[in-house]
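Novice: The structure is given below, and queries will be raised subsequently.
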Amino acid sequence: MSEGGSQGSSGRRRPGLGRGLSALLDEIGPSHGNDGESTYGAGQASSVLGQMVSIGRVKPNAKQPRKRFDDGAQSELIDSVRRQGLLQPILVRPMDGGKFEIVAGERRWRAAQAAQLHEIPVVVRDLSDSEAFEISLVENIQRQDLSPIEEAEGYRRLTEEFSHTQDAVARLVGKSRSHVANLMRLLELPQSVRAMVDEGQIAMGHARALIGTENPERLAREIIDRGLNARQAEALAKTSGGKPGAASVRKPAERDADLVALEDRIKEATGMVARLSFDGEGGQLTVKYRDLDQLDMLVERLSA
């Protein structure tokens, strides 16, 4: 989403979500308030204010995308905060009763609590529910803090609760539409398998191979027990019950709607039938031409 892109529900300009928290803070040059208190300034955005507030006034967002926090990394952060304080402010939005809800920076807020800080630096920004969630999701994705399941659930909330299309979500987070669609398909797996992905017992490649199988939980446990890689997991999923040589009873997998849409666009632009394949990282494009004249036309367009 561009900096001067679509408007929020209240009609005001939406923040540059894809730029991350550091870019939001860069907008806010250091300054001092009228009371002499050091602040992070308001810059050109009148809705932004930096200030030191009591840590008790800052509350986490129960609906934020990230649910898991690595204990080892958190312990290191707590030690750093004890020694040096909180060096980067937390992005919050105002709530009723003089409270603030965290938009980005819950990990640092947790560390500040554990380090027994009484006040923490915050940047206050007036954001809608949708804007707050979008910023939180983008920030976590940029920091690679989310598991594939947490990321997929974030995308689903944007599409279901805030009525975003998959294409709009892809632009928002700076990912391809197929990436968003493939991640959201992981949510078709049972909760037990999704928990295995969250806990790092199986990778996204393993999980994708299990979508549409008759007993994904049993297959997932076999993948873990046998230490299979993603390709071996795909081979296992193609056999009934995971037994080599057994006939597969899986229904033919439906093709990715995004790939089909792209094939249609290529056909409209060239008049030629195209076939796309995607394995999660890369893929192939096959174009069927009728004769050499049509091939020459395609080469000329590609060379232009």
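Following the order of the structure tokens, chains are lettered A, B, ..., residues in each are numbered from 1, and ligands are numbered from 1.
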Using 10 Å as the limit and counting only C-alpha atoms, can you tabulate each residue of stretch 71-118 of chain A that touches stretch 127-148 of chain A, with its shortest atom-to-atom distance in Å and the two atoms involved, as CSV?

Specialist:
```
residue,atom,partner,partner_atom,distance
A:Leu91,CA,A:Ser136,CA,9.4
A:Val92,CA,A:Ala132,CA,8.8
A:Arg93,CA,A:Leu127,CA,6.3
A:Pro94,CA,A:Leu127,CA,8.5
A:Glu101,CA,A:Ala132,CA,9.6
A:Ile102,CA,A:Ala132,CA,8.8
A:Val103,CA,A:Ser136,CA,5.6
A:Ala104,CA,A:Ser136,CA,5.4
A:Gly105,CA,A:Ser136,CA,8.6
A:Glu106,CA,A:Ser136,CA,9.8
```

Novice: Export N, CA and C atoms of the chosen residues as a compact mmCIF listing (two decimals), in the first residue's frame?

Specialist:
```txt
# COMPACT_ATOMS: atom_id res chain seq x y z
N LEU A 91 4.90 1.66 19.80
CA LEU A 91 3.79 2.30 19.10
C LEU A 91 2.48 1.87 19.74
N VAL A 92 1.67 2.85 20.17
CA VAL A 92 0.41 2.56 20.85
C VAL A 92 -0.69 3.43 20.26
N ARG A 93 -1.91 3.10 20.62
CA ARG A 93 -3.05 3.97 20.27
C ARG A 93 -3.86 4.23 21.53
N PRO A 94 -4.49 5.41 21.63
CA PRO A 94 -5.21 5.76 22.86
C PRO A 94 -6.48 4.94 23.03
N GLU A 101 -3.22 1.07 24.04
CA GLU A 101 -3.13 -0.30 23.54
C GLU A 101 -1.94 -0.42 22.60
N ILE A 102 -1.15 -1.48 22.78
CA ILE A 102 0.05 -1.68 21.97
C ILE A 102 -0.33 -2.03 20.54
N VAL A 103 0.28 -1.34 19.60
CA VAL A 103 0.13 -1.65 18.18
C VAL A 103 1.35 -2.43 17.71
N ALA A 104 2.55 -1.98 18.09
CA ALA A 104 3.79 -2.68 17.74
C ALA A 104 4.77 -2.49 18.88
N GLY A 105 5.37 -3.59 19.33
CA GLY A 105 6.36 -3.51 20.40
C GLY A 105 6.00 -4.28 21.65
N GLU A 106 5.10 -5.27 21.55
CA GLU A 106 4.70 -6.01 22.76
C GLU A 106 5.88 -6.73 23.40
```

Novice: Excluding same-chain residues fewer than 5 positions from A:Gln166, what lies within 10 Å of it counting only C-alpha atoms, as a list in words?

Specialist: Tyr155, Arg156, Leu158, Thr159, Arg171, Leu172, Ser176, Arg177, Ser178, His179, Val180, Ala181, Met184 and Asp258 of chain A

Novice: Residues at most 8 Å from A:Leu186, counting only C-alpha atoms, excluding those fewer than 4 positions away in the same chain, as an MDAnalysis selection string?

Specialist: chainID A and resid 149 152 182 194 207:208 211

Novice: Those residues with C-alpha atoms, as an mmCIF file, in the first residue's frame please?

Specialist:
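The new file selection_31.cif reads:
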```cif
data_model
loop_
_atom_site.group_PDB
_atom_site.id
_atom_site.type_symbol
_atom_site.label_atom_id
_atom_site.label_comp_id
_atom_site.auth_asym_id
_atom_site.auth_seq_id
_atom_site.Cartn_x
_atom_site.Cartn_y
_atom_site.Cartn_z
ATOM 1 C CA ILE A 149 0.189 -20.321 10.946
ATOM 2 C CA ALA A 152 -1.987 -17.155 7.792
ATOM 3 C CA ASN A 182 -0.945 -20.729 -0.117
ATOM 4 C CA ARG A 194 -1.228 -26.400 12.856
ATOM 5 C CA ALA A 207 2.308 -28.943 6.089
ATOM 6 C CA ARG A 208 1.419 -27.975 2.522
ATOM 7 C CA ILE A 211 -3.515 -30.413 2.772
#
```

Novice: Which one is closest to A:Lys175: A:Gln113, A:Lys99, A:Glu151, A:Ile55? Count only C-alpha atoms.

Specialist: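 Comparing A:Gln113, A:Lys99, A:Glu151, A:Ile55 against A:Lys175, the winner is A:Glu151.
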
Novice: Go through stretch 38-269 of chain A and collect every residue that DSSP, computed from the backbone, puts in strand (DSSP E); the answer should be as an mmCIF file with N, CA and C atoms, in the first residue's frame.

Specialist:
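Writing the result to selection_37.cif gives the following:
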```cif
data_model
loop_
_atom_site.group_PDB
_atom_site.id
_atom_site.type_symbol
_atom_site.label_atom_id
_atom_site.label_comp_id
_atom_site.auth_asym_id
_atom_site.auth_seq_id
_atom_site.Cartn_x
_atom_site.Cartn_y
_atom_site.Cartn_z
ATOM 1 N N SER A 38 10.811 15.840 27.408
ATOM 2 C CA SER A 38 11.369 15.340 26.158
ATOM 3 C C SER A 38 10.366 14.423 25.482
ATOM 4 N N THR A 39 10.139 14.644 24.190
ATOM 5 C CA THR A 39 9.202 13.814 23.440
ATOM 6 C C THR A 39 9.847 13.400 22.137
ATOM 7 N N VAL A 48 0.169 12.256 16.013
ATOM 8 C CA VAL A 48 1.280 11.526 16.596
ATOM 9 C C VAL A 48 1.867 12.309 17.758
ATOM 10 N N LEU A 49 2.118 11.636 18.873
ATOM 11 C CA LEU A 49 2.744 12.278 20.011
ATOM 12 C C LEU A 49 3.646 11.273 20.692
ATOM 13 N N GLY A 50 4.901 11.661 20.955
ATOM 14 C CA GLY A 50 5.823 10.799 21.679
ATOM 15 C C GLY A 50 5.927 11.266 23.114
ATOM 16 N N GLN A 51 5.972 10.333 24.076
ATOM 17 C CA GLN A 51 5.998 10.723 25.473
ATOM 18 C C GLN A 51 6.404 9.544 26.337
ATOM 19 N N MET A 52 6.784 9.840 27.566
ATOM 20 C CA MET A 52 7.042 8.810 28.570
ATOM 21 C C MET A 52 5.750 8.618 29.362
ATOM 22 N N VAL A 53 5.322 7.369 29.511
ATOM 23 C CA VAL A 53 4.096 7.088 30.253
ATOM 24 C C VAL A 53 4.344 5.954 31.237
ATOM 25 N N SER A 54 3.500 5.898 32.231
ATOM 26 C CA SER A 54 3.563 4.804 33.200
ATOM 27 C C SER A 54 3.308 3.485 32.489
ATOM 28 N N VAL A 58 -0.179 1.045 29.784
ATOM 29 C CA VAL A 58 -0.019 0.409 28.470
ATOM 30 C C VAL A 58 -0.463 -1.047 28.550
ATOM 31 N N LYS A 59 -1.383 -1.427 27.656
ATOM 32 C CA LYS A 59 -1.946 -2.771 27.668
ATOM 33 C C LYS A 59 -1.679 -3.471 26.338
ATOM 34 N N ILE A 90 7.552 2.338 21.974
ATOM 35 C CA ILE A 90 6.503 1.396 21.587
ATOM 36 C C ILE A 90 5.385 2.172 20.909
ATOM 37 N N LEU A 91 4.895 1.659 19.800
ATOM 38 C CA LEU A 91 3.791 2.302 19.096
ATOM 39 C C LEU A 91 2.483 1.868 19.740
ATOM 40 N N VAL A 92 1.674 2.850 20.167
ATOM 41 C CA VAL A 92 0.410 2.559 20.852
ATOM 42 C C VAL A 92 -0.688 3.432 20.258
ATOM 43 N N ARG A 93 -1.914 3.105 20.617
ATOM 44 C CA ARG A 93 -3.051 3.968 20.266
ATOM 45 C C ARG A 93 -3.859 4.234 21.535
ATOM 46 N N PRO A 94 -4.486 5.408 21.631
ATOM 47 C CA PRO A 94 -5.209 5.760 22.861
ATOM 48 C C PRO A 94 -6.483 4.941 23.028
ATOM 49 N N PHE A 100 -3.502 2.992 27.001
ATOM 50 C CA PHE A 100 -2.978 2.867 25.646
ATOM 51 C C PHE A 100 -2.888 1.387 25.279
ATOM 52 N N GLU A 101 -3.220 1.074 24.038
ATOM 53 C CA GLU A 101 -3.133 -0.305 23.544
ATOM 54 C C GLU A 101 -1.936 -0.420 22.604
ATOM 55 N N ILE A 102 -1.149 -1.483 22.775
ATOM 56 C CA ILE A 102 0.054 -1.679 21.971
ATOM 57 C C ILE A 102 -0.330 -2.031 20.542
ATOM 58 N N VAL A 103 0.277 -1.337 19.597
ATOM 59 C CA VAL A 103 0.133 -1.650 18.177
ATOM 60 C C VAL A 103 1.351 -2.429 17.706
ATOM 61 N N ALA A 104 2.547 -1.981 18.086
ATOM 62 C CA ALA A 104 3.790 -2.676 17.743
ATOM 63 C C ALA A 104 4.774 -2.488 18.879
ATOM 64 N N GLU A 119 8.364 3.642 33.846
ATOM 65 C CA GLU A 119 7.914 4.425 32.702
ATOM 66 C C GLU A 119 8.594 3.915 31.435
ATOM 67 N N ILE A 120 7.882 4.022 30.324
ATOM 68 C CA ILE A 120 8.437 3.593 29.042
ATOM 69 C C ILE A 120 8.122 4.644 27.978
ATOM 70 N N PRO A 121 8.968 4.761 26.953
ATOM 71 C CA PRO A 121 8.684 5.705 25.872
ATOM 72 C C PRO A 121 7.669 5.112 24.899
ATOM 73 N N VAL A 122 6.706 5.917 24.490
ATOM 74 C CA VAL A 122 5.692 5.465 23.538
ATOM 75 C C VAL A 122 5.488 6.525 22.465
ATOM 76 N N VAL A 123 5.063 6.082 21.313
ATOM 77 C CA VAL A 123 4.561 6.973 20.269
ATOM 78 C C VAL A 123 3.075 6.687 20.145
ATOM 79 N N VAL A 124 2.261 7.704 20.352
ATOM 80 C CA VAL A 124 0.815 7.548 20.340
ATOM 81 C C VAL A 124 0.294 7.923 18.959
ATOM 82 N N ARG A 125 -0.514 7.035 18.398
ATOM 83 C CA ARG A 125 -1.089 7.322 17.081
ATOM 84 C C ARG A 125 -2.554 6.900 17.073
#
```

Novice: Please indicate the distance in Å from atom CA of A:Tyr289 to atom CA of A:Val273, rounded to one decimal place.

Specialist: 7.4 Å

Novice: Give the answer as one residue: which of A:Glu263, A:Asp291, A:Glu214, A:Asp256 has the shortest atom-to-atom distance to A:Phe278, using only C-alpha atoms?

Specialist: A:Asp256

Novice: Quote the spacing between atom CA of A:Gly212 and atom CA of A:Ala237 in Å to one decimal place.

Specialist: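 Atom CA of A:Gly212 sits 9.2 Å away from atom CA of A:Ala237.
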
Novice: For the atom pair atom CA of A:Ala220 and atom CA of A:Val193, what is the interatomic distance in Å to one decimal place?

Specialist: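 These two atoms are separated by 6.8 Å.
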
Novice: For A:Pro190, work out the shell of residues within 9 Å, counting only C-alpha atoms and skipping chain neighbours fewer than 4 positions away, then give it as a PDB file with C-alpha atoms, in the first residue's frame.

Specialist:
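around08.pdb, written as the output of this step:
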```pdb
ATOM      1  CA  ARG A 194      -1.228 -26.400  12.856  1.00  0.00           C
ATOM      2  CA  ALA A 195       0.170 -26.639  16.398  1.00  0.00           C
ATOM      3  CA  PRO A 216      -3.062 -35.339   8.061  1.00  0.00           C
ATOM      4  CA  GLU A 217      -2.364 -35.682  11.795  1.00  0.00           C
TER       5      GLU A 217
END
```

Novice: So, with only C-alpha atoms as the atoms that count, which of A:Lys238, A:Arg108, A:Lys63, A:Arg68 lies closest to A:Gly85?

Specialist: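 The closest residue to A:Gly85 is A:Arg108.
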
Novice: I'd like to know which of A:Met297, A:Ile202, A:Val173, A:Ala114 is closest to A:Glu76, using only C-alpha atoms.

Specialist: A:Ala114

Novice: So, counting only C-alpha atoms, which residue among A:Thr213, A:Gln74, A:Gln284, A:Gln84 is closest to A:Arg110?

Specialist: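 Ranked by minimum distance to A:Arg110, first place goes to A:Gln74.
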
Novice: Near stretch 299-301 of chain A, counting only C-alpha atoms, which residues have an atom at most 12 Å away, once you skip same-chain residues fewer than 3 positions from it, shown as a ChimeraX atom specification?

Specialist: /A:269-270,287,289,292-296,304

Novice: Restrict the selected residues to C-alpha atoms and save them as a PDB file, in the first residue's frame.

Specialist:
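The resulting file, again25.pdb, is reproduced below:
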```
ATOM      1  CA  ALA A 269      -2.613 -10.489 -23.778  1.00  0.00           C
ATOM      2  CA  THR A 270      -1.054 -12.963 -26.225  1.00  0.00           C
ATOM      3  CA  VAL A 287       3.140 -21.093 -23.428  1.00  0.00           C
ATOM      4  CA  TYR A 289       1.925 -21.376 -29.682  1.00  0.00           C
ATOM      5  CA  LEU A 292       6.046 -19.957 -36.033  1.00  0.00           C
ATOM      6  CA  ASP A 293       4.342 -16.651 -36.809  1.00  0.00           C
ATOM      7  CA  GLN A 294       2.683 -16.687 -33.407  1.00  0.00           C
ATOM      8  CA  LEU A 295       6.019 -17.572 -31.818  1.00  0.00           C
ATOM      9  CA  ASP A 296       7.698 -14.639 -33.579  1.00  0.00           C
ATOM     10  CA  ALA A 304      10.133  -4.813 -26.678  1.00  0.00           C
TER      11      ALA A 304
END
```

Novice: Which parts of stretch 64-240 of chain A does DSSP call alpha helix (DSSP H) when run on the backbone here, written out as an MDAnalysis selection string?

Specialist: chainID A and resid 71:84 106:114 129:142 148:160 166:173 177:185 191:198 204:210 216:226 230:237
